[in-house]
$ cat coords02.txt   # compact mmCIF, C-alpha atoms
# COMPACT_ATOMS: atom_id res chain seq x y z
CA MET Z 1 -13.76 -8.37 -26.59
CA ALA Z 2 -13.21 -4.67 -25.79
CA ALA Z 3 -15.21 -4.69 -22.54
CA SER Z 4 -13.55 -7.91 -21.38
CA LEU Z 5 -10.03 -6.57 -21.95
CA ILE Z 6 -10.77 -3.39 -19.98
CA ARG Z 7 -12.26 -5.47 -17.17
CA LEU Z 8 -9.24 -7.80 -17.17
CA HIS Z 9 -6.91 -4.85 -16.45
CA PHE Z 10 -9.26 -3.56 -13.73
CA HIS Z 11 -9.54 -6.95 -12.01
CA ASP Z 12 -5.76 -7.35 -12.24
CA CYS Z 13 -4.93 -3.95 -10.70
CA PHE Z 14 -7.39 -4.31 -7.79
CA VAL Z 15 -5.62 -7.43 -6.50
CA GLN Z 16 -1.97 -6.95 -5.43
CA GLY Z 17 -1.66 -4.08 -7.93
CA CYS Z 18 -1.19 -4.25 -11.73
CA ASP Z 19 1.04 -7.34 -11.71
CA ALA Z 20 -0.73 -9.84 -14.02
CA SER Z 21 -1.56 -12.02 -11.00
CA ILE Z 22 -5.01 -12.59 -12.53
CA LEU Z 23 -3.40 -14.52 -15.42
CA LEU Z 24 -1.81 -17.22 -13.27
CA ASP Z 25 -3.35 -20.70 -13.37
CA ASP Z 26 -3.64 -23.06 -10.41
CA SER Z 27 -0.42 -24.94 -9.67
CA SER Z 28 1.25 -26.66 -6.73
CA SER Z 29 2.25 -23.26 -5.34
CA ILE Z 30 -0.56 -21.02 -6.70
CA VAL Z 31 -4.27 -20.71 -5.97
CA SER Z 32 -5.53 -18.90 -9.05
CA GLU Z 33 -7.59 -15.70 -8.87
CA LYS Z 34 -9.52 -16.92 -11.91
CA THR Z 35 -11.97 -18.86 -9.72
CA ALA Z 36 -12.74 -16.01 -7.28
CA ILE Z 37 -16.48 -15.40 -7.40
CA GLN Z 38 -16.12 -12.04 -9.21
CA ASN Z 39 -13.95 -13.66 -11.93
CA ASP Z 40 -15.27 -17.20 -12.29
CA LYS Z 41 -16.89 -17.89 -15.67
CA SER Z 42 -17.02 -14.16 -16.45
CA ILE Z 43 -13.46 -12.87 -16.94
CA ARG Z 44 -12.35 -13.32 -20.54
CA GLY Z 45 -9.48 -12.32 -22.80
CA TYR Z 46 -6.70 -14.51 -21.40
CA GLU Z 47 -6.00 -16.02 -24.81
CA ILE Z 48 -5.68 -12.57 -26.43
CA ILE Z 49 -3.00 -11.61 -23.89
CA ASP Z 50 -1.27 -14.99 -24.42
CA LYS Z 51 -1.18 -14.43 -28.19
CA ALA Z 52 0.21 -10.91 -27.82
CA LYS Z 53 2.82 -12.16 -25.35
CA ALA Z 54 3.91 -14.97 -27.71
CA GLU Z 55 4.44 -12.45 -30.54
CA VAL Z 56 6.40 -10.07 -28.30
CA GLU Z 57 8.55 -12.93 -26.95
CA LYS Z 58 9.61 -13.81 -30.52
CA ILE Z 59 11.01 -10.30 -31.02
CA CYS Z 60 12.36 -9.39 -27.57
CA PRO Z 61 12.25 -12.31 -25.14
CA GLU Z 62 11.78 -11.63 -21.42
CA ILE Z 63 11.64 -7.84 -21.76
CA VAL Z 64 7.93 -6.95 -21.82
CA SER Z 65 5.80 -8.04 -18.86
CA CYS Z 66 2.36 -9.61 -19.04
CA ALA Z 67 1.17 -6.81 -16.73
CA ASP Z 68 2.19 -4.17 -19.30
CA ILE Z 69 0.52 -6.11 -22.12
CA VAL Z 70 -2.75 -6.22 -20.12
CA ALA Z 71 -2.52 -2.43 -19.55
CA ILE Z 72 -1.86 -1.72 -23.24
CA ALA Z 73 -4.66 -4.07 -24.34
CA ALA Z 74 -7.16 -2.17 -22.15
CA ARG Z 75 -6.16 1.15 -23.75
CA ASP Z 76 -6.33 -0.28 -27.29
CA ALA Z 77 -9.70 -1.89 -26.54
CA SER Z 78 -11.14 1.44 -25.43
CA PHE Z 79 -9.86 3.24 -28.53
CA ALA Z 80 -11.08 0.48 -30.87
CA VAL Z 81 -14.72 1.04 -29.87
CA GLY Z 82 -14.67 4.83 -29.98
CA GLY Z 83 -13.41 5.45 -26.45
CA PRO Z 84 -10.43 7.56 -25.43
CA SER Z 85 -6.78 6.65 -25.82
CA TRP Z 86 -4.04 7.50 -23.32
CA SER Z 87 -0.30 7.07 -22.80
CA VAL Z 88 0.26 3.84 -20.92
CA LYS Z 89 3.13 3.98 -18.46
CA LEU Z 90 5.38 0.96 -18.97
CA GLY Z 91 7.86 -0.94 -16.83
CA ARG Z 92 5.57 -3.03 -14.62
CA ARG Z 93 6.88 -6.47 -13.75
CA ASP Z 94 4.91 -9.68 -13.17
CA SER Z 95 4.10 -11.22 -9.81
CA THR Z 96 5.23 -14.67 -8.73
CA THR Z 97 2.06 -15.07 -6.64
CA ALA Z 98 -1.71 -14.75 -6.93
CA ASN Z 99 -4.19 -14.01 -4.16
CA LYS Z 100 -7.65 -15.51 -4.55
CA ASP Z 101 -8.69 -14.41 -1.04
CA LEU Z 102 -7.81 -10.79 -1.81
CA ALA Z 103 -9.68 -11.01 -5.13
CA THR Z 104 -12.77 -12.27 -3.28
CA SER Z 105 -12.58 -9.55 -0.62
CA ASP Z 106 -11.50 -6.52 -2.70
CA LEU Z 107 -13.09 -6.77 -6.16
CA PRO Z 108 -16.45 -4.98 -6.47
CA ARG Z 109 -19.65 -7.03 -6.58
CA PHE Z 110 -22.83 -6.37 -8.52
CA THR Z 111 -24.76 -6.19 -5.22
CA ASP Z 112 -22.54 -3.45 -3.72
CA ASN Z 113 -24.14 -0.28 -2.40
CA LEU Z 114 -22.64 3.17 -2.97
CA GLU Z 115 -20.72 3.35 0.33
CA THR Z 116 -19.13 -0.06 -0.32
CA LEU Z 117 -18.08 0.94 -3.84
CA ILE Z 118 -16.58 4.23 -2.65
CA SER Z 119 -14.66 2.42 0.07
CA ARG Z 120 -13.36 -0.34 -2.25
CA PHE Z 121 -11.94 2.30 -4.61
CA SER Z 122 -10.64 4.48 -1.79
CA LYS Z 123 -8.64 1.49 -0.53
CA LYS Z 124 -6.81 1.64 -3.88
CA GLN Z 125 -6.27 5.43 -3.65
CA LEU Z 126 -9.06 6.09 -6.16
CA SER Z 127 -11.67 8.78 -5.47
CA ALA Z 128 -15.46 8.59 -5.73
CA ARG Z 129 -15.13 10.46 -9.05
CA ASP Z 130 -12.62 7.85 -10.29
CA MET Z 131 -15.09 5.14 -9.27
CA VAL Z 132 -17.99 6.76 -11.16
CA VAL Z 133 -16.00 7.46 -14.32
CA LEU Z 134 -14.47 3.96 -14.38
CA SER Z 135 -17.96 2.45 -13.91
CA GLY Z 136 -18.67 4.21 -17.20
CA ALA Z 137 -16.77 1.35 -18.86
CA HIS Z 138 -20.19 -0.33 -18.58
CA THR Z 139 -21.14 1.69 -21.66
CA ILE Z 140 -19.99 -1.49 -23.47
CA GLY Z 141 -20.15 -5.16 -22.59
CA GLN Z 142 -22.74 -7.55 -21.23
CA ALA Z 143 -23.83 -9.05 -17.92
CA GLN Z 144 -25.16 -12.50 -17.11
CA CYS Z 145 -28.80 -12.87 -16.05
CA PHE Z 146 -27.97 -13.99 -12.48
CA THR Z 147 -26.24 -10.64 -11.85
CA PHE Z 148 -29.36 -8.54 -12.49
CA ARG Z 149 -32.28 -10.94 -11.92
CA ASP Z 150 -33.07 -9.64 -8.41
CA ARG Z 151 -33.07 -6.09 -9.68
CA ILE Z 152 -35.53 -6.63 -12.54
CA TYR Z 153 -37.96 -8.83 -10.54
CA ASN Z 154 -37.87 -6.95 -7.21
CA ASN Z 155 -40.68 -4.41 -6.86
CA ALA Z 156 -38.62 -2.38 -4.41
CA SER Z 157 -35.93 -1.69 -7.05
CA VAL Z 158 -35.24 1.82 -8.30
CA ILE Z 159 -35.91 0.81 -11.91
CA ASP Z 160 -37.88 2.00 -14.93
CA GLY Z 161 -40.88 -0.31 -15.43
CA GLY Z 162 -40.55 -0.62 -19.20
CA PHE Z 163 -36.84 -1.32 -18.90
CA ALA Z 164 -37.46 -4.03 -16.28
CA SER Z 165 -40.05 -5.75 -18.44
CA THR Z 166 -37.77 -5.66 -21.52
CA ARG Z 167 -34.99 -7.22 -19.48
CA ARG Z 168 -37.29 -9.91 -18.01
CA ARG Z 169 -37.92 -11.21 -21.54
CA GLY Z 170 -34.27 -12.24 -21.81
CA CYS Z 171 -33.77 -13.27 -18.18
CA PRO Z 172 -36.34 -15.73 -16.79
CA SER Z 173 -37.09 -15.61 -13.06
CA LEU Z 174 -36.22 -19.30 -12.68
CA SER Z 175 -32.62 -19.74 -11.61
CA ASN Z 176 -30.89 -22.60 -13.42
CA PRO Z 177 -27.52 -22.92 -15.19
CA GLU Z 178 -29.04 -22.28 -18.62
CA ASN Z 179 -30.98 -19.16 -17.60
CA ASN Z 180 -28.28 -17.77 -15.33
CA LYS Z 181 -25.80 -17.26 -18.13
CA LYS Z 182 -28.17 -15.52 -20.57
CA LEU Z 183 -26.66 -12.15 -21.50
CA ALA Z 184 -27.95 -8.60 -21.65
CA ALA Z 185 -26.13 -5.44 -22.72
CA LEU Z 186 -25.08 -3.17 -19.85
CA ASP Z 187 -26.08 -0.20 -22.04
CA LEU Z 188 -29.36 -0.92 -23.81
CA VAL Z 189 -29.09 2.12 -26.12
CA THR Z 190 -25.65 1.81 -27.76
CA PRO Z 191 -24.27 -1.50 -26.45
CA ASN Z 192 -21.14 -1.54 -28.63
CA SER Z 193 -20.14 2.14 -28.58
CA PHE Z 194 -18.02 3.80 -25.95
CA ASP Z 195 -20.17 6.86 -25.18
CA ASN Z 196 -21.92 8.56 -22.26
CA ASN Z 197 -25.29 6.81 -22.69
CA TYR Z 198 -24.46 4.69 -19.62
CA PHE Z 199 -24.90 7.82 -17.48
CA LYS Z 200 -28.05 8.95 -19.29
CA ASN Z 201 -29.48 5.47 -18.62
CA LEU Z 202 -28.80 5.80 -14.87
CA ILE Z 203 -30.73 9.09 -14.73
CA GLN Z 204 -33.68 7.29 -16.38
CA LYS Z 205 -33.39 4.43 -13.81
CA LYS Z 206 -32.18 2.07 -16.52
CA GLY Z 207 -28.96 0.85 -14.94
CA LEU Z 208 -28.73 -2.91 -15.43
CA LEU Z 209 -26.82 -3.83 -12.27
CA GLN Z 210 -27.61 -2.67 -8.76
CA SER Z 211 -23.98 -1.49 -8.54
CA ASP Z 212 -24.65 0.71 -11.59
CA GLN Z 213 -27.92 2.27 -10.41
CA VAL Z 214 -26.60 3.13 -6.92
CA LEU Z 215 -24.40 5.76 -8.60
CA PHE Z 216 -27.59 7.73 -9.28
CA SER Z 217 -30.11 7.12 -6.52
CA GLY Z 218 -30.03 10.21 -4.34
CA GLY Z 219 -26.49 9.74 -3.04
CA SER Z 220 -23.27 11.72 -3.11
CA THR Z 221 -22.39 10.76 -6.71
CA ASN Z 222 -25.60 11.99 -8.39
CA ASN Z 223 -23.96 15.24 -9.51
CA ILE Z 224 -21.01 13.39 -11.10
CA VAL Z 225 -23.38 11.14 -13.08
CA SER Z 226 -25.34 14.23 -14.23
CA GLU Z 227 -22.13 15.95 -15.32
CA TYR Z 228 -21.00 12.98 -17.44
CA SER Z 229 -24.48 12.55 -18.93
CA GLU Z 230 -24.27 16.11 -20.25
CA ASN Z 231 -20.56 16.22 -21.17
CA PRO Z 232 -19.31 13.29 -23.27
CA THR Z 233 -15.93 14.97 -23.75
CA THR Z 234 -15.38 15.38 -20.00
CA PHE Z 235 -16.36 11.75 -19.49
CA LYS Z 236 -13.80 10.53 -22.01
CA SER Z 237 -10.94 12.69 -20.77
CA ASP Z 238 -11.67 11.83 -17.11
CA PHE Z 239 -11.95 8.13 -18.01
CA ALA Z 240 -8.50 8.21 -19.62
CA ALA Z 241 -7.00 9.99 -16.58
CA SER Z 242 -8.57 7.52 -14.13
CA MET Z 243 -7.36 4.54 -16.18
CA VAL Z 244 -3.80 5.90 -15.91
CA LYS Z 245 -4.30 6.30 -12.15
CA MET Z 246 -5.64 2.75 -11.86
CA GLY Z 247 -2.68 1.48 -13.88
CA ASP Z 248 -0.43 2.98 -11.19
CA ILE Z 249 -1.75 0.79 -8.36
CA GLU Z 250 1.20 -0.89 -6.60
CA PRO Z 251 3.29 -1.85 -9.65
CA LEU Z 252 6.26 -4.18 -9.24
CA THR Z 253 9.33 -2.38 -10.61
CA GLY Z 254 13.12 -2.60 -10.48
CA SER Z 255 14.17 -5.97 -9.12
CA ASN Z 256 10.72 -6.80 -7.72
CA GLY Z 257 8.73 -9.45 -9.57
CA ILE Z 258 9.77 -11.14 -12.80
CA ILE Z 259 9.08 -11.03 -16.53
CA ARG Z 260 7.05 -14.17 -17.16
CA ARG Z 261 7.78 -16.07 -20.36
CA ILE Z 262 4.25 -17.51 -20.38
CA CYS Z 263 1.61 -15.34 -18.69
CA SER Z 264 -0.28 -18.19 -17.01
CA ALA Z 265 2.72 -19.65 -15.14
CA ILE Z 266 5.80 -18.72 -13.16
CA ASN Z 267 9.05 -19.19 -15.14

$ encode --input "coords02.txt" --output "structure tokens"
Amino acid sequence: MAASLIRLHFHDCFVQGCDASILLDDSSSIVSEKTAIQNDKSIRGYEIIDKAKAEVEKICPEIVSCADIVAIAARDASFAVGGPSWSVKLGRRDSTTANKDLATSDLPRFTDNLETLISRFSKKQLSARDMVVLSGAHTIGQAQCFTFRDRIYNNASVIDGGFASTRRRGCPSLSNPENNKKLAALDLVTPNSFDNNYFKNLIQKKGLLQSDQVLFSGGSTNNIVSEYSENPTTFKSDFAASMVKMGDIEPLTGSNGIIRRICSAIN
């Protein structure tokens, strides 16, 4: 679940800031972010956060926010699979609202080009370097066939031929519900280790998603990808720093927001 927990924090912070809005279910007053196209049937880990929250509530009720638990879980997930650790700032509070429209408009998509990605991150005060290093989280985790089908079957793609044919074996060209959810590792080489192979793959034109490969296709971020492919230590330390920066996006503090008792609902 490491990749999913890191992604949960990312998809939380990019919508209204790191406020656990992504955990709220539909209700009479809330339209959940869980069904936004970038989250629907792909975001996981809710039950892990719920379990952690239940344990914390037993010991110190209504003190620790769901938003902080999501941030800590992302850090622990990284460390558990050989990635960096970092000091998580604490004191975020939970939102009383969710924003599905904002999730749909602001979260990155697998079809995004480089300019779009840079601008989505810039909107959150994150640089192009932050964007590239955070994309390196794709050194672990998997993607569903429908997210990379066009890339592996389109002759115009910037893609290694052998890699495309390997990926076609697990992702049939026919689009149907069964085929669409077949999974492939984002990093073919070391799919379960947090390392810099993701960047080496991009240089070899073996990025699984279009939004991965655009980071190394003649654009302004080529040199950053090259640097991380050669320097695993720099990648890990920069990743940790950018995760702290991302965790700082528009937190609710002081008397803003609440501490939810159950993460999926307003008290």

$ residues_around --input "coords02.txt" --residues "region 127-131 of chain Z" --least-positions-apart "3" --cutoff "6 Å" --atoms "all atoms listed in the file" --output "PyMOL selection string"
chain Z and resi 118+122+134+242

$ residues_around --input "coords02.txt" --residues "region 197-199 of chain Z" --least-positions-apart "3" --cutoff "7 Å" --atoms "all atoms listed in the file" --output "ChimeraX atom specification"
/Z:136,138-139,187,189,202-203,225,228-229

$ atom_distance --input "coords02.txt" --atom1 "CA of Asp212 (chain Z)" --atom2 "CA of Leu117 (chain Z)"
10.2 Å

$ closest_residue --input "coords02.txt" --among "Z:Ala54, Z:Ser42, Z:Ser87, Z:Thr96" --to "Lys182 (chain Z)" --atoms "all atoms listed in the file"
Z:Ser42

$ atom_distance --input "coords02.txt" --atom1 "CA of Ala2 (chain Z)" --atom2 "CA of Asp76 (chain Z)"
8.3 Å

$ residues_around --input "coords02.txt" --residues "Arg169 (chain Z)" --least-positions-apart "6" --cutoff "12 Å" --atoms "only C-alpha atoms" --output "number ranges by chain"
Z: 145, 149, 152-153, 162-163, 179, 182-184

$ closest_residue --input "coords02.txt" --among "Z:Ala241, Z:Ser157, Z:Gly141, Z:Gln16" --to "Thr190 (chain Z)" --atoms "only C-alpha atoms"
Z:Gly141

$ closest_residue --input "coords02.txt" --among "Z:Asn222, Z:Ser85, Z:Thr147, Z:Gln213" --to "Ala71 (chain Z)" --atoms "all atoms listed in the file"
Z:Ser85

$ atom_distance --input "coords02.txt" --atom1 "CA of Lys205 (chain Z)" --atom2 "CA of Ser217 (chain Z)"
8.4 Å

$ closest_residue --input "coords02.txt" --among "Z:Pro251, Z:Val244, Z:Gly218, Z:Cys263" --to "Ile48 (chain Z)" --atoms "only C-alpha atoms"
Z:Cys263

$ closest_residue --input "coords02.txt" --among "Z:Ala52, Z:Val133, Z:Ile43, Z:Val15" --to "Asp195 (chain Z)" --atoms "all atoms listed in the file"
Z:Val133

$ closest_residue --input "coords02.txt" --among "Z:Arg151, Z:Lys34, Z:Arg44, Z:Lys51" --to "Ser4 (chain Z)" --atoms "only C-alpha atoms"
Z:Arg44

$ residues_around --input "coords02.txt" --residues "Asn113 (chain Z)" --least-positions-apart "2" --cutoff "8 Å" --atoms "all atoms listed in the file" --output "VMD selection string"
chain Z and resid 111 115 to 117 210 to 211 214

$ write_last_selection --input "coords02.txt" --atoms "C-alpha atoms" --output "CSV table (one decimal), keeping the file's coordinate frame"
chain,number,residue,atom,x,y,z
Z,111,THR,CA,-24.8,-6.2,-5.2
Z,115,GLU,CA,-20.7,3.4,0.3
Z,116,THR,CA,-19.1,-0.1,-0.3
Z,117,LEU,CA,-18.1,0.9,-3.8
Z,210,GLN,CA,-27.6,-2.7,-8.8
Z,211,SER,CA,-24.0,-1.5,-8.5
Z,214,VAL,CA,-26.6,3.1,-6.9

$ residues_around --input "coords02.txt" --residues "Gly247 (chain Z)" --least-positions-apart "5" --cutoff "9 Å" --atoms "all atoms listed in the file" --output "list of chain:residue names"
Z:His9, Z:Phe10, Z:Cys13, Z:Gly17, Z:Cys18, Z:Ala71, Z:Val88, Z:Lys89, Z:Ser242

$ decode --input "coords02.txt" --residues "region 93-128 of chain Z" --atoms "C-alpha atoms" --output "PDB file, in the first residue's frame"
ATOM      1  CA  ARG Z  93      -6.828  20.628  11.059  1.00  0.00           C
ATOM      2  CA  ASP Z  94      -9.541  18.915   9.016  1.00  0.00           C
ATOM      3  CA  SER Z  95     -11.877  20.598   6.562  1.00  0.00           C
ATOM      4  CA  THR Z  96     -15.649  20.651   6.907  1.00  0.00           C
ATOM      5  CA  THR Z  97     -16.007  20.661   3.110  1.00  0.00           C
ATOM      6  CA  ALA Z  98     -14.818  18.776   0.038  1.00  0.00           C
ATOM      7  CA  ASN Z  99     -14.493  20.098  -3.511  1.00  0.00           C
ATOM      8  CA  LYS Z 100     -15.009  17.577  -6.295  1.00  0.00           C
ATOM      9  CA  ASP Z 101     -14.903  20.295  -8.980  1.00  0.00           C
ATOM     10  CA  LEU Z 102     -11.513  21.503  -7.766  1.00  0.00           C
ATOM     11  CA  ALA Z 103     -10.241  17.905  -7.656  1.00  0.00           C
ATOM     12  CA  THR Z 104     -11.334  17.431 -11.271  1.00  0.00           C
ATOM     13  CA  SER Z 105      -9.732  20.676 -12.433  1.00  0.00           C
ATOM     14  CA  ASP Z 106      -6.498  20.711 -10.379  1.00  0.00           C
ATOM     15  CA  LEU Z 107      -5.264  17.130  -9.964  1.00  0.00           C
ATOM     16  CA  PRO Z 108      -2.793  15.989 -12.641  1.00  0.00           C
ATOM     17  CA  ARG Z 109      -3.964  13.602 -15.363  1.00  0.00           C
ATOM     18  CA  PHE Z 110      -2.047  10.818 -17.069  1.00  0.00           C
ATOM     19  CA  THR Z 111      -2.530  12.608 -20.421  1.00  0.00           C
ATOM     20  CA  ASP Z 112      -0.966  15.898 -19.252  1.00  0.00           C
ATOM     21  CA  ASN Z 113       1.869  17.422 -21.242  1.00  0.00           C
ATOM     22  CA  LEU Z 114       4.912  19.012 -19.606  1.00  0.00           C
ATOM     23  CA  GLU Z 115       3.601  22.597 -19.657  1.00  0.00           C
ATOM     24  CA  THR Z 116       0.327  21.513 -18.029  1.00  0.00           C
ATOM     25  CA  LEU Z 117       2.156  19.602 -15.290  1.00  0.00           C
ATOM     26  CA  ILE Z 118       4.485  22.526 -14.561  1.00  0.00           C
ATOM     27  CA  SER Z 119       1.531  24.883 -14.360  1.00  0.00           C
ATOM     28  CA  ARG Z 120      -0.546  22.593 -12.098  1.00  0.00           C
ATOM     29  CA  PHE Z 121       2.348  22.415  -9.613  1.00  0.00           C
ATOM     30  CA  SER Z 122       3.166  26.103  -9.923  1.00  0.00           C
ATOM     31  CA  LYS Z 123      -0.425  26.889  -8.911  1.00  0.00           C
ATOM     32  CA  LYS Z 124       0.401  25.146  -5.607  1.00  0.00           C
ATOM     33  CA  GLN Z 125       3.707  27.053  -5.205  1.00  0.00           C
ATOM     34  CA  LEU Z 126       5.720  24.004  -6.276  1.00  0.00           C
ATOM     35  CA  SER Z 127       8.533  24.368  -8.821  1.00  0.00           C
ATOM     36  CA  ALA Z 128       9.264  22.299 -11.936  1.00  0.00           C
TER      37      ALA Z 128
END
